[in-house]
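Heads up, upload-v3.pdb below (PDB, C-alpha atoms, pLDDT in the B column):
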```pdb
ATOM      1  CA  MET V  23     -23.784 -45.405-205.157  1.00 56.00           C
ATOM      2  CA  LYS V  24     -24.873 -42.234-203.712  1.00 50.00           C
ATOM      3  CA  ARG V  25     -24.292 -39.624-201.054  1.00 46.00           C
ATOM      4  CA  ALA V  26     -21.519 -38.810-198.664  1.00 47.00           C
ATOM      5  CA  PRO V  27     -21.593 -36.179-195.952  1.00 45.00           C
ATOM      6  CA  ARG V  28     -18.670 -34.038-197.114  1.00 45.00           C
ATOM      7  CA  VAL V  29     -16.139 -33.475-199.866  1.00 48.00           C
ATOM      8  CA  ALA V  30     -13.389 -35.379-198.060  1.00 50.00           C
ATOM      9  CA  ALA V  31     -15.487 -38.540-197.828  1.00 47.00           C
ATOM     10  CA  LEU V  32     -16.365 -38.414-201.495  1.00 49.00           C
ATOM     11  CA  ALA V  33     -12.866 -37.584-202.646  1.00 47.00           C
ATOM     12  CA  ALA V  34     -11.608 -40.505-200.570  1.00 48.00           C
ATOM     13  CA  PHE V  35     -13.764 -42.740-202.756  1.00 46.00           C
ATOM     14  CA  LEU V  36     -10.629 -44.222-204.215  1.00 42.00           C
ATOM     15  CA  GLY V  37      -7.548 -42.155-204.667  1.00 47.00           C
ATOM     16  CA  LEU V  38      -8.470 -41.883-208.311  1.00 45.00           C
ATOM     17  CA  PHE V  39      -9.720 -38.300-208.214  1.00 47.00           C
ATOM     18  CA  SER V  40      -6.737 -36.366-206.925  1.00 47.00           C
ATOM     19  CA  ALA V  41      -6.230 -32.634-207.154  1.00 43.00           C
ATOM     20  CA  LEU V  42      -3.485 -33.199-209.730  1.00 39.00           C
ATOM     21  CA  ASP V  43      -5.908 -35.120-211.932  1.00 51.00           C
ATOM     22  CA  VAL V  44      -8.370 -32.241-211.826  1.00 49.00           C
ATOM     23  CA  PHE V  45      -5.811 -29.578-212.700  1.00 48.00           C
ATOM     24  CA  ALA V  46      -4.428 -31.666-215.566  1.00 49.00           C
ATOM     25  CA  ALA V  47      -7.834 -32.694-216.866  1.00 61.00           C
ATOM     26  CA  GLY V  48      -9.613 -32.083-220.098  1.00 90.00           C
ATOM     27  CA  LEU V  49     -12.529 -29.774-219.340  1.00 94.00           C
ATOM     28  CA  VAL V  50     -15.732 -29.381-221.338  1.00 96.00           C
ATOM     29  CA  ARG V  51     -19.040 -27.853-220.385  1.00 95.00           C
ATOM     30  CA  ASP V  52     -22.473 -26.798-221.521  1.00 96.00           C
ATOM     31  CA  GLU V  53     -25.426 -25.241-219.728  1.00 96.00           C
ATOM     32  CA  ASN V  54     -26.273 -28.479-217.902  1.00 97.00           C
ATOM     33  CA  ALA V  55     -22.939 -30.055-216.996  1.00 97.00           C
ATOM     34  CA  VAL V  56     -19.221 -29.570-216.504  1.00 97.00           C
ATOM     35  CA  VAL V  57     -16.966 -32.581-217.130  1.00 97.00           C
ATOM     36  CA  LEU V  58     -13.386 -32.860-215.885  1.00 96.00           C
ATOM     37  CA  ALA V  59     -11.547 -35.886-217.279  1.00 95.00           C
ATOM     38  CA  ASP V  60      -8.034 -37.104-218.029  1.00 91.00           C
ATOM     39  CA  ASP V  61      -8.317 -35.877-221.591  1.00 93.00           C
ATOM     40  CA  GLU V  62     -10.681 -33.842-223.702  1.00 94.00           C
ATOM     41  CA  ALA V  63     -11.868 -36.771-225.829  1.00 96.00           C
ATOM     42  CA  LEU V  64     -13.150 -38.612-222.771  1.00 96.00           C
ATOM     43  CA  ALA V  65     -14.679 -35.418-221.382  1.00 97.00           C
ATOM     44  CA  GLN V  66     -16.545 -34.780-224.649  1.00 97.00           C
ATOM     45  CA  ALA V  67     -17.831 -38.360-224.767  1.00 98.00           C
ATOM     46  CA  VAL V  68     -19.020 -38.223-221.149  1.00 98.00           C
ATOM     47  CA  LEU V  69     -20.753 -34.889-221.704  1.00 98.00           C
ATOM     48  CA  ALA V  70     -22.630 -36.253-224.719  1.00 98.00           C
ATOM     49  CA  LYS V  71     -23.737 -39.369-222.837  1.00 98.00           C
ATOM     50  CA  ALA V  72     -24.668 -37.438-219.688  1.00 98.00           C
ATOM     51  CA  THR V  73     -26.822 -35.120-221.813  1.00 98.00           C
ATOM     52  CA  GLU V  74     -28.578 -38.114-223.352  1.00 98.00           C
ATOM     53  CA  PHE V  75     -29.112 -39.868-219.994  1.00 98.00           C
ATOM     54  CA  ARG V  76     -30.372 -36.632-218.397  1.00 98.00           C
ATOM     55  CA  ARG V  77     -32.980 -36.301-221.125  1.00 98.00           C
ATOM     56  CA  LEU V  78     -34.059 -39.958-220.959  1.00 98.00           C
ATOM     57  CA  ALA V  79     -34.344 -40.021-217.154  1.00 98.00           C
ATOM     58  CA  ALA V  80     -36.303 -36.776-217.019  1.00 98.00           C
ATOM     59  CA  ILE V  81     -38.766 -37.848-219.707  1.00 98.00           C
ATOM     60  CA  GLU V  82     -39.267 -41.257-218.075  1.00 98.00           C
ATOM     61  CA  TRP V  83     -39.688 -40.055-214.485  1.00 98.00           C
ATOM     62  CA  LEU V  84     -40.784 -36.419-214.716  1.00 97.00           C
ATOM     63  CA  GLY V  85     -42.750 -36.565-217.957  1.00 97.00           C
ATOM     64  CA  ALA V  86     -40.638 -33.912-219.712  1.00 97.00           C
ATOM     65  CA  GLU V  87     -37.039 -32.804-220.090  1.00 97.00           C
ATOM     66  CA  LEU V  88     -35.593 -30.655-217.339  1.00 97.00           C
ATOM     67  CA  PRO V  89     -35.331 -26.973-218.309  1.00 97.00           C
ATOM     68  CA  PRO V  90     -31.832 -25.834-219.320  1.00 96.00           C
ATOM     69  CA  SER V  91     -29.421 -25.310-216.388  1.00 96.00           C
ATOM     70  CA  VAL V  92     -31.815 -26.859-213.834  1.00 97.00           C
ATOM     71  CA  GLY V  93     -29.963 -29.381-211.668  1.00 96.00           C
ATOM     72  CA  PRO V  94     -26.522 -28.845-213.265  1.00 97.00           C
ATOM     73  CA  MET V  95     -23.934 -31.586-212.822  1.00 98.00           C
ATOM     74  CA  MET V  96     -20.188 -31.599-212.221  1.00 97.00           C
ATOM     75  CA  ILE V  97     -18.888 -34.953-213.490  1.00 97.00           C
ATOM     76  CA  TYR V  98     -15.496 -36.530-212.774  1.00 97.00           C
ATOM     77  CA  PRO V  99     -15.012 -39.677-214.915  1.00 97.00           C
ATOM     78  CA  ARG V 100     -11.985 -41.944-214.669  1.00 95.00           C
ATOM     79  CA  ILE V 101     -11.155 -44.975-216.774  1.00 96.00           C
ATOM     80  CA  SER V 102      -9.881 -47.803-214.577  1.00 94.00           C
ATOM     81  CA  ASP V 103      -9.334 -51.525-215.006  1.00 92.00           C
ATOM     82  CA  VAL V 104      -9.257 -52.155-211.242  1.00 91.00           C
ATOM     83  CA  GLN V 105     -12.312 -50.319-209.953  1.00 88.00           C
ATOM     84  CA  GLU V 106     -15.937 -49.941-210.929  1.00 92.00           C
ATOM     85  CA  ASP V 107     -17.923 -47.577-208.760  1.00 92.00           C
ATOM     86  CA  GLY V 108     -19.875 -44.349-208.803  1.00 95.00           C
ATOM     87  CA  LYS V 109     -21.185 -41.747-206.379  1.00 95.00           C
ATOM     88  CA  THR V 110     -23.522 -38.790-206.603  1.00 96.00           C
ATOM     89  CA  TRP V 111     -23.529 -35.943-204.105  1.00 96.00           C
ATOM     90  CA  ARG V 112     -26.698 -33.966-204.638  1.00 95.00           C
ATOM     91  CA  ILE V 113     -26.941 -30.230-204.105  1.00 93.00           C
ATOM     92  CA  ASP V 114     -27.701 -30.125-200.379  1.00 91.00           C
ATOM     93  CA  SER V 115     -26.831 -26.583-199.343  1.00 91.00           C
ATOM     94  CA  PRO V 116     -27.194 -23.059-200.800  1.00 90.00           C
ATOM     95  CA  ASP V 117     -23.435 -22.708-201.338  1.00 91.00           C
ATOM     96  CA  ARG V 118     -23.292 -25.678-203.736  1.00 93.00           C
ATOM     97  CA  ARG V 119     -24.177 -25.079-207.398  1.00 94.00           C
ATOM     98  CA  PHE V 120     -23.779 -28.577-208.875  1.00 97.00           C
ATOM     99  CA  HIS V 121     -24.818 -32.155-208.269  1.00 97.00           C
ATOM    100  CA  THR V 122     -21.384 -33.792-208.215  1.00 97.00           C
ATOM    101  CA  ILE V 123     -20.853 -37.174-209.857  1.00 98.00           C
ATOM    102  CA  TRP V 124     -17.817 -39.466-209.701  1.00 97.00           C
ATOM    103  CA  VAL V 125     -17.638 -42.533-211.967  1.00 97.00           C
ATOM    104  CA  ALA V 126     -14.747 -44.969-212.355  1.00 96.00           C
ATOM    105  CA  GLY V 127     -14.522 -48.142-214.393  1.00 96.00           C
ATOM    106  CA  SER V 128     -14.044 -49.444-217.905  1.00 96.00           C
ATOM    107  CA  GLN V 129     -14.872 -47.094-220.736  1.00 96.00           C
ATOM    108  CA  ASP V 130     -18.019 -49.099-221.512  1.00 96.00           C
ATOM    109  CA  VAL V 131     -19.527 -48.618-218.048  1.00 95.00           C
ATOM    110  CA  VAL V 132     -18.277 -45.053-217.605  1.00 97.00           C
ATOM    111  CA  LEU V 133     -20.048 -44.134-220.835  1.00 98.00           C
ATOM    112  CA  GLY V 134     -22.919 -46.536-220.198  1.00 98.00           C
ATOM    113  CA  SER V 135     -24.853 -48.034-217.304  1.00 97.00           C
ATOM    114  CA  LEU V 136     -22.756 -46.557-214.480  1.00 97.00           C
ATOM    115  CA  LEU V 137     -23.041 -42.990-215.767  1.00 98.00           C
ATOM    116  CA  HIS V 138     -26.732 -43.521-216.543  1.00 98.00           C
ATOM    117  CA  HIS V 139     -27.309 -44.708-212.960  1.00 98.00           C
ATOM    118  CA  GLU V 140     -25.608 -41.674-211.420  1.00 98.00           C
ATOM    119  CA  VAL V 141     -27.223 -39.146-213.772  1.00 98.00           C
ATOM    120  CA  THR V 142     -30.597 -40.634-212.826  1.00 98.00           C
ATOM    121  CA  HIS V 143     -29.832 -39.736-209.195  1.00 98.00           C
ATOM    122  CA  ALA V 144     -29.088 -36.164-210.273  1.00 98.00           C
ATOM    123  CA  VAL V 145     -32.348 -35.885-212.211  1.00 98.00           C
ATOM    124  CA  LEU V 146     -34.366 -37.179-209.264  1.00 98.00           C
ATOM    125  CA  ALA V 147     -32.543 -34.765-206.946  1.00 97.00           C
ATOM    126  CA  ALA V 148     -33.454 -31.875-209.241  1.00 96.00           C
ATOM    127  CA  GLN V 149     -37.103 -32.854-208.846  1.00 94.00           C
ATOM    128  CA  MET V 150     -36.843 -33.496-205.084  1.00 95.00           C
ATOM    129  CA  PRO V 151     -34.187 -31.138-203.693  1.00 94.00           C
ATOM    130  CA  GLU V 152     -35.167 -32.107-200.165  1.00 92.00           C
ATOM    131  CA  GLY V 153     -33.698 -35.545-200.896  1.00 94.00           C
ATOM    132  CA  VAL V 154     -35.072 -38.786-202.323  1.00 96.00           C
ATOM    133  CA  PRO V 155     -35.445 -41.656-199.822  1.00 97.00           C
ATOM    134  CA  ALA V 156     -32.490 -43.958-200.384  1.00 97.00           C
ATOM    135  CA  PHE V 157     -34.393 -47.154-201.211  1.00 97.00           C
ATOM    136  CA  ILE V 158     -36.486 -45.438-203.877  1.00 98.00           C
ATOM    137  CA  ASP V 159     -33.539 -43.445-205.206  1.00 98.00           C
ATOM    138  CA  GLU V 160     -31.453 -46.580-205.629  1.00 98.00           C
ATOM    139  CA  GLY V 161     -34.418 -48.695-206.706  1.00 98.00           C
ATOM    140  CA  ILE V 162     -35.118 -46.316-209.579  1.00 98.00           C
ATOM    141  CA  ALA V 163     -31.483 -45.844-210.596  1.00 98.00           C
ATOM    142  CA  SER V 164     -30.872 -49.607-210.458  1.00 97.00           C
ATOM    143  CA  ARG V 165     -33.336 -50.118-213.297  1.00 97.00           C
ATOM    144  CA  VAL V 166     -30.672 -48.926-215.769  1.00 97.00           C
ATOM    145  CA  ASP V 167     -27.858 -51.098-214.383  1.00 97.00           C
ATOM    146  CA  ASP V 168     -26.041 -53.648-216.510  1.00 95.00           C
ATOM    147  CA  GLU V 169     -27.211 -57.238-216.720  1.00 95.00           C
ATOM    148  CA  GLU V 170     -24.412 -58.515-214.470  1.00 94.00           C
ATOM    149  CA  ARG V 171     -25.544 -56.374-211.528  1.00 94.00           C
ATOM    150  CA  ILE V 172     -29.180 -57.208-212.164  1.00 96.00           C
ATOM    151  CA  ALA V 173     -28.356 -60.932-212.237  1.00 96.00           C
ATOM    152  CA  ILE V 174     -26.572 -60.674-208.855  1.00 96.00           C
ATOM    153  CA  ARG V 175     -29.678 -59.104-207.309  1.00 96.00           C
ATOM    154  CA  ARG V 176     -31.898 -61.724-208.920  1.00 96.00           C
ATOM    155  CA  ARG V 177     -29.866 -64.506-207.292  1.00 97.00           C
ATOM    156  CA  ILE V 178     -30.107 -62.776-203.904  1.00 97.00           C
ATOM    157  CA  LEU V 179     -33.872 -62.425-204.215  1.00 97.00           C
ATOM    158  CA  ASP V 180     -34.210 -66.063-205.260  1.00 97.00           C
ATOM    159  CA  TRP V 181     -32.220 -67.026-202.166  1.00 97.00           C
ATOM    160  CA  PHE V 182     -34.638 -65.063-199.954  1.00 97.00           C
ATOM    161  CA  VAL V 183     -37.527 -66.989-201.484  1.00 97.00           C
ATOM    162  CA  GLN V 184     -35.898 -70.411-201.264  1.00 96.00           C
ATOM    163  CA  SER V 185     -34.424 -70.021-197.767  1.00 97.00           C
ATOM    164  CA  GLY V 186     -37.229 -67.981-196.211  1.00 96.00           C
ATOM    165  CA  ASN V 187     -34.505 -65.790-194.686  1.00 96.00           C
ATOM    166  CA  TRP V 188     -35.997 -62.437-195.669  1.00 97.00           C
ATOM    167  CA  PRO V 189     -34.448 -59.139-194.549  1.00 95.00           C
ATOM    168  CA  ASN V 190     -36.380 -56.701-192.400  1.00 94.00           C
ATOM    169  CA  LEU V 191     -38.148 -54.376-194.813  1.00 97.00           C
ATOM    170  CA  ALA V 192     -38.667 -51.542-192.313  1.00 96.00           C
ATOM    171  CA  GLY V 193     -34.908 -51.209-191.948  1.00 96.00           C
ATOM    172  CA  VAL V 194     -34.470 -50.867-195.698  1.00 97.00           C
ATOM    173  CA  LEU V 195     -37.198 -48.224-195.939  1.00 97.00           C
ATOM    174  CA  GLU V 196     -35.611 -46.173-193.163  1.00 96.00           C
ATOM    175  CA  ALA V 197     -31.991 -46.512-194.317  1.00 96.00           C
ATOM    176  CA  PRO V 198     -30.487 -43.029-194.885  1.00 95.00           C
ATOM    177  CA  SER V 199     -28.167 -44.421-197.567  1.00 94.00           C
ATOM    178  CA  ILE V 200     -27.229 -47.707-199.210  1.00 95.00           C
ATOM    179  CA  SER V 201     -23.602 -48.744-199.583  1.00 90.00           C
ATOM    180  CA  ALA V 202     -22.468 -49.587-203.090  1.00 86.00           C
ATOM    181  CA  HIS V 203     -21.154 -52.881-201.666  1.00 88.00           C
ATOM    182  CA  ASP V 204     -24.424 -53.874-199.954  1.00 95.00           C
ATOM    183  CA  GLN V 205     -25.913 -55.957-202.748  1.00 95.00           C
ATOM    184  CA  GLN V 206     -28.561 -57.439-200.444  1.00 96.00           C
ATOM    185  CA  THR V 207     -30.098 -54.050-199.667  1.00 97.00           C
ATOM    186  CA  TYR V 208     -29.788 -53.016-203.303  1.00 97.00           C
ATOM    187  CA  ALA V 209     -31.692 -56.160-204.273  1.00 97.00           C
ATOM    188  CA  VAL V 210     -34.484 -55.354-201.822  1.00 98.00           C
ATOM    189  CA  ALA V 211     -34.670 -51.712-202.907  1.00 98.00           C
ATOM    190  CA  ALA V 212     -34.855 -52.689-206.581  1.00 98.00           C
ATOM    191  CA  SER V 213     -37.479 -55.371-205.959  1.00 98.00           C
ATOM    192  CA  VAL V 214     -39.720 -53.238-203.724  1.00 98.00           C
ATOM    193  CA  THR V 215     -39.535 -50.414-206.253  1.00 98.00           C
ATOM    194  CA  GLU V 216     -40.621 -52.793-209.022  1.00 98.00           C
ATOM    195  CA  PHE V 217     -43.449 -54.082-206.839  1.00 98.00           C
ATOM    196  CA  LEU V 218     -44.710 -50.567-206.156  1.00 98.00           C
ATOM    197  CA  LEU V 219     -44.633 -49.860-209.888  1.00 98.00           C
ATOM    198  CA  THR V 220     -47.098 -52.748-210.329  1.00 98.00           C
ATOM    199  CA  GLN V 221     -49.423 -50.970-207.890  1.00 97.00           C
ATOM    200  CA  GLY V 222     -49.285 -47.497-209.444  1.00 97.00           C
ATOM    201  CA  ASP V 223     -47.470 -45.404-212.036  1.00 98.00           C
ATOM    202  CA  LYS V 224     -44.156 -43.580-211.826  1.00 98.00           C
ATOM    203  CA  GLU V 225     -45.759 -40.327-210.777  1.00 97.00           C
ATOM    204  CA  THR V 226     -47.422 -42.131-207.869  1.00 98.00           C
ATOM    205  CA  LEU V 227     -44.077 -43.600-206.810  1.00 98.00           C
ATOM    206  CA  LEU V 228     -42.473 -40.149-206.639  1.00 98.00           C
ATOM    207  CA  LYS V 229     -45.438 -38.743-204.727  1.00 97.00           C
ATOM    208  CA  PHE V 230     -45.130 -41.679-202.336  1.00 98.00           C
ATOM    209  CA  ALA V 231     -41.411 -40.958-201.910  1.00 97.00           C
ATOM    210  CA  ARG V 232     -42.044 -37.345-200.990  1.00 96.00           C
ATOM    211  CA  SER V 233     -44.972 -38.200-198.714  1.00 97.00           C
ATOM    212  CA  GLY V 234     -43.093 -41.002-196.963  1.00 96.00           C
ATOM    213  CA  LYS V 235     -40.134 -38.764-196.267  1.00 93.00           C
ATOM    214  CA  ALA V 236     -42.390 -36.065-194.813  1.00 94.00           C
ATOM    215  CA  ASN V 237     -45.064 -38.098-193.020  1.00 94.00           C
ATOM    216  CA  GLY V 238     -43.765 -41.633-192.519  1.00 96.00           C
ATOM    217  CA  TRP V 239     -44.145 -44.775-194.613  1.00 97.00           C
ATOM    218  CA  SER V 240     -47.324 -46.161-193.056  1.00 96.00           C
ATOM    219  CA  GLN V 241     -49.325 -43.023-193.803  1.00 97.00           C
ATOM    220  CA  ALA V 242     -47.823 -42.715-197.281  1.00 98.00           C
ATOM    221  CA  LEU V 243     -48.607 -46.348-198.130  1.00 98.00           C
ATOM    222  CA  GLN V 244     -52.229 -45.906-197.141  1.00 97.00           C
ATOM    223  CA  MET V 245     -52.540 -42.606-198.988  1.00 97.00           C
ATOM    224  CA  HIS V 246     -50.982 -43.631-202.305  1.00 98.00           C
ATOM    225  CA  TYR V 247     -51.450 -47.404-202.533  1.00 98.00           C
ATOM    226  CA  GLY V 248     -54.211 -48.320-200.108  1.00 98.00           C
ATOM    227  CA  ILE V 249     -51.731 -50.555-198.255  1.00 98.00           C
ATOM    228  CA  ASP V 250     -52.231 -50.700-194.517  1.00 97.00           C
ATOM    229  CA  GLY V 251     -48.725 -50.002-193.261  1.00 97.00           C
ATOM    230  CA  VAL V 252     -45.223 -51.408-193.676  1.00 98.00           C
ATOM    231  CA  SER V 253     -46.061 -54.896-192.412  1.00 97.00           C
ATOM    232  CA  SER V 254     -48.795 -55.242-195.038  1.00 98.00           C
ATOM    233  CA  LEU V 255     -46.393 -53.991-197.707  1.00 98.00           C
ATOM    234  CA  GLU V 256     -43.821 -56.539-196.573  1.00 98.00           C
ATOM    235  CA  LYS V 257     -46.337 -59.393-196.802  1.00 98.00           C
ATOM    236  CA  ALA V 258     -47.574 -58.341-200.249  1.00 98.00           C
ATOM    237  CA  TRP V 259     -44.047 -57.762-201.554  1.00 98.00           C
ATOM    238  CA  ARG V 260     -42.814 -61.162-200.351  1.00 97.00           C
ATOM    239  CA  ALA V 261     -45.741 -62.911-202.022  1.00 97.00           C
ATOM    240  CA  TRP V 262     -45.131 -61.003-205.258  1.00 98.00           C
ATOM    241  CA  GLN V 263     -41.393 -61.730-205.262  1.00 97.00           C
ATOM    242  CA  THR V 264     -42.037 -65.410-204.496  1.00 97.00           C
ATOM    243  CA  GLN V 265     -44.375 -65.647-207.484  1.00 96.00           C
ATOM    244  CA  ARG V 266     -41.938 -63.745-209.673  1.00 94.00           C
ATOM    245  CA  SER V 267     -38.991 -65.971-208.736  1.00 92.00           C
ATOM    246  CA  GLY V 268     -41.088 -69.090-209.310  1.00 80.00           C
ATOM    247  CA  ALA V 269     -42.156 -67.900-212.751  1.00 67.00           C
ATOM    248  CA  ALA V 270     -38.529 -67.196-213.657  1.00 57.00           C
ATOM    249  CA  ARG V 271     -37.480 -70.696-212.575  1.00 60.00           C
ATOM    250  CA  VAL V 272     -40.241 -72.280-214.670  1.00 49.00           C
ATOM    251  CA  ALA V 273     -39.243 -70.214-217.685  1.00 45.00           C
ATOM    252  CA  SER V 274     -35.591 -71.161-217.244  1.00 49.00           C
ATOM    253  CA  THR V 275     -36.417 -74.856-216.889  1.00 45.00           C
ATOM    254  CA  THR V 276     -38.638 -74.782-219.969  1.00 43.00           C
ATOM    255  CA  GLU V 277     -35.972 -73.037-222.017  1.00 47.00           C
ATOM    256  CA  SER V 278     -33.360 -75.599-220.956  1.00 48.00           C
ATOM    257  CA  ALA V 279     -35.700 -78.471-221.878  1.00 44.00           C
ATOM    258  CA  ILE V 280     -36.316 -76.996-225.337  1.00 47.00           C
ATOM    259  CA  ARG V 281     -32.584 -76.740-225.956  1.00 54.00           C
TER     260      ARG V 281
END
```
Represent the supplied structure as structure tokens.
Amino acid sequence: MKRAPRVAALAAFLGLFSALDVFAAGLVRDENAVVLADDEALAQAVLAKATEFRRLAAIEWLGAELPPSVGPMMIYPRISDVQEDGKTWRIDSPDRRFHTIWVAGSQDVVLGSLLHHEVTHAVLAAQMPEGVPAFIDEGIASRVDDEERIAIRRRILDWFVQSGNWPNLAGVLEAPSISAHDQQTYAVAASVTEFLLTQGDKETLLKFARSGKANGWSQALQMHYGIDGVSSLEKAWRAWQTQRSGAARVASTTESAIR
């Protein structure tokens, strides 16, 4: 749900965001965002929600709201009954002024969890303009996803535990991006992020992200969590997820018995 190397790749994300759409769109803006939509009512609604999500994400992860006009966003929403997807292209060169966000789906998700997810990417990018490592970026943004997506990842994680067929964690940590359709890697990213949040606070996680990107994950793990490298993280994470999945199964069984 994030990143693409150039405008053409992002615009190709569906044919839903054509040049004609943009020229015919309703346009609204404030100091933090510009929204181009099919009509002004949708644009106004998206701007209001994006403003709210920007504030919530910044307070949760940065400890305070972003200053006005820092990390401005260009948002292209589209209501669709055949597609649900989003992408964020962070400011990655001096000639770009906006983090660019595309969201498509039902009105509920465009004004809800999907927009919240993508705005969270933009807030993190404002804090870390050098780029947030993909697994942490998606792990953090996934925390605001809807229950359906979260349930899919929960089933994948339970399957890892039950089958013993775990993915290679080093590959996930080093992945430059995560495809919106790769639910397995999303599940790992979300779970590892939650595990790290049991080992330290949100500020520590962001420091770890920056340190890992600059110096490598083994050094960053030792520095911020006292974990001796990626293999030790993998062992501790698997044990934690196994316990978590087991506790969820017990709770589900108990609830069914009570009913």
Discussion item. Applying the PyMOL selection byres ((chain V and resi 128) around 10) to the file I just gave you, which residues come out? Please list them as number ranges by chain.
Written reply: V: 100-106, 125-127, 129-134, 136
Quick one: write out the picked residues with C-alpha atoms as a PDB file, in the frame of the given file?
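Now in result_7.pdb:
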```pdb
ATOM      1  CA  ARG V 100     -11.985 -41.944-214.669  1.00 95.00           C
ATOM      2  CA  ILE V 101     -11.155 -44.975-216.774  1.00 96.00           C
ATOM      3  CA  SER V 102      -9.881 -47.803-214.577  1.00 94.00           C
ATOM      4  CA  ASP V 103      -9.334 -51.525-215.006  1.00 92.00           C
ATOM      5  CA  VAL V 104      -9.257 -52.155-211.242  1.00 91.00           C
ATOM      6  CA  GLN V 105     -12.312 -50.319-209.953  1.00 88.00           C
ATOM      7  CA  GLU V 106     -15.937 -49.941-210.929  1.00 92.00           C
ATOM      8  CA  VAL V 125     -17.638 -42.533-211.967  1.00 97.00           C
ATOM      9  CA  ALA V 126     -14.747 -44.969-212.355  1.00 96.00           C
ATOM     10  CA  GLY V 127     -14.522 -48.142-214.393  1.00 96.00           C
ATOM     11  CA  GLN V 129     -14.872 -47.094-220.736  1.00 96.00           C
ATOM     12  CA  ASP V 130     -18.019 -49.099-221.512  1.00 96.00           C
ATOM     13  CA  VAL V 131     -19.527 -48.618-218.048  1.00 95.00           C
ATOM     14  CA  VAL V 132     -18.277 -45.053-217.605  1.00 97.00           C
ATOM     15  CA  LEU V 133     -20.048 -44.134-220.835  1.00 98.00           C
ATOM     16  CA  GLY V 134     -22.919 -46.536-220.198  1.00 98.00           C
ATOM     17  CA  LEU V 136     -22.756 -46.557-214.480  1.00 97.00           C
TER      18      LEU V 136
END
```
Fill in: Residue nearest Gly161 of chain V among V:Ala209, V:Pro198, V:Asn187, V:Ile113 (counting all atoms listed in the file)
V:Ala209
Practice prompt. Quick one: apply the PyMOL selection byres ((chain V and resi 159) around 12) to the file and drop the selected residues here as a PyMOL selection string.
Written response: chain V and resi 23-25+83+110+112+139-147+149-150+153-158+160-165+195+197-200+208+211-212+214-215+227-228+231-232
Worksheet item: Of the candidates V:Thr226, V:Arg176, V:Leu219, V:Leu255, which shows the shortest atom-to-atom distance to Gln205 of chain V, using all atoms listed in the file?
Response: V:Arg176
Worksheet item: For Gly186 of chain V, which of V:Arg260, V:Asp114, V:Lys109, V:Val92 is the closest residue, counting all atoms listed in the file?
Response: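 Between V:Arg260, V:Asp114, V:Lys109, V:Val92, the residue approaching Gly186 of chain V most closely is V:Arg260.
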Spell out the residues picked by the PyMOL selection byres ((chain V and resi 72) around 10) here, as a PDB file with C-alpha atoms, in the frame of the given file.
```
ATOM      1  CA  ASN V  54     -26.273 -28.479-217.902  1.00 97.00           C
ATOM      2  CA  ALA V  55     -22.939 -30.055-216.996  1.00 97.00           C
ATOM      3  CA  VAL V  57     -16.966 -32.581-217.130  1.00 97.00           C
ATOM      4  CA  GLN V  66     -16.545 -34.780-224.649  1.00 97.00           C
ATOM      5  CA  ALA V  67     -17.831 -38.360-224.767  1.00 98.00           C
ATOM      6  CA  VAL V  68     -19.020 -38.223-221.149  1.00 98.00           C
ATOM      7  CA  LEU V  69     -20.753 -34.889-221.704  1.00 98.00           C
ATOM      8  CA  ALA V  70     -22.630 -36.253-224.719  1.00 98.00           C
ATOM      9  CA  LYS V  71     -23.737 -39.369-222.837  1.00 98.00           C
ATOM     10  CA  THR V  73     -26.822 -35.120-221.813  1.00 98.00           C
ATOM     11  CA  GLU V  74     -28.578 -38.114-223.352  1.00 98.00           C
ATOM     12  CA  PHE V  75     -29.112 -39.868-219.994  1.00 98.00           C
ATOM     13  CA  ARG V  76     -30.372 -36.632-218.397  1.00 98.00           C
ATOM     14  CA  ARG V  77     -32.980 -36.301-221.125  1.00 98.00           C
ATOM     15  CA  LEU V  78     -34.059 -39.958-220.959  1.00 98.00           C
ATOM     16  CA  MET V  95     -23.934 -31.586-212.822  1.00 98.00           C
ATOM     17  CA  ILE V  97     -18.888 -34.953-213.490  1.00 97.00           C
ATOM     18  CA  LEU V 133     -20.048 -44.134-220.835  1.00 98.00           C
ATOM     19  CA  GLY V 134     -22.919 -46.536-220.198  1.00 98.00           C
ATOM     20  CA  LEU V 137     -23.041 -42.990-215.767  1.00 98.00           C
ATOM     21  CA  HIS V 138     -26.732 -43.521-216.543  1.00 98.00           C
ATOM     22  CA  GLU V 140     -25.608 -41.674-211.420  1.00 98.00           C
ATOM     23  CA  VAL V 141     -27.223 -39.146-213.772  1.00 98.00           C
ATOM     24  CA  THR V 142     -30.597 -40.634-212.826  1.00 98.00           C
TER      25      THR V 142
END
```
Fill in: Point-to-point distance in Å for atom CA of Trp124 of chain V and atom CA of Ala173 of chain V
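Between these atoms lies a distance of 24.0 Å.
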Worksheet entry | Residue with smallest distance to His203 of chain V - pool V:Lys229, V:Arg177, V:His246, V:Arg171, counting all atoms listed in the file | V:Arg171
Worksheet item: atom CA of Arg266 of chain V and atom CA of Val166 of chain V are how many Å apart?
Response: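 Taking atom CA of Arg266 of chain V and atom CA of Val166 of chain V, their separation equals 19.6 Å.
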Response to the item:
In Å and to one decimal, atom CA of Val56 of chain V is distant from atom CA of Glu170 of chain V by 29.5 Å
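You can rank V:Asp168, V:Leu49, V:Gly238, V:Leu243 by their closest distance to Gly222 of chain V using all atoms listed in the file, and at the top of that list sits V:Leu243.
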Item to complete: Tell me, as an MDAnalysis selection string, which residues lie within 9 Å of Glu256 of chain V, counting all atoms listed in the file; anything in the same chain fewer than 3 positions away does not count.
Response: chainID V and resid 190:192 214 251:253 259:261
Worksheet item: Contacts of Ser267 of chain V at 8 Å or less, counting only C-alpha atoms, minus same-chain residues fewer than 4 places along, as an MDAnalysis selection string?
Response: chainID V and resid 179:180 183 263 271
Would you mind exporting C-alpha atoms of the selected residues as a compact mmCIF listing (two decimals), keeping the file's coordinate frame?
```txt
# COMPACT_ATOMS: atom_id res chain seq x y z
CA LEU V 179 -33.87 -62.42 -204.22
CA ASP V 180 -34.21 -66.06 -205.26
CA VAL V 183 -37.53 -66.99 -201.48
CA GLN V 263 -41.39 -61.73 -205.26
CA ARG V 271 -37.48 -70.70 -212.58
```
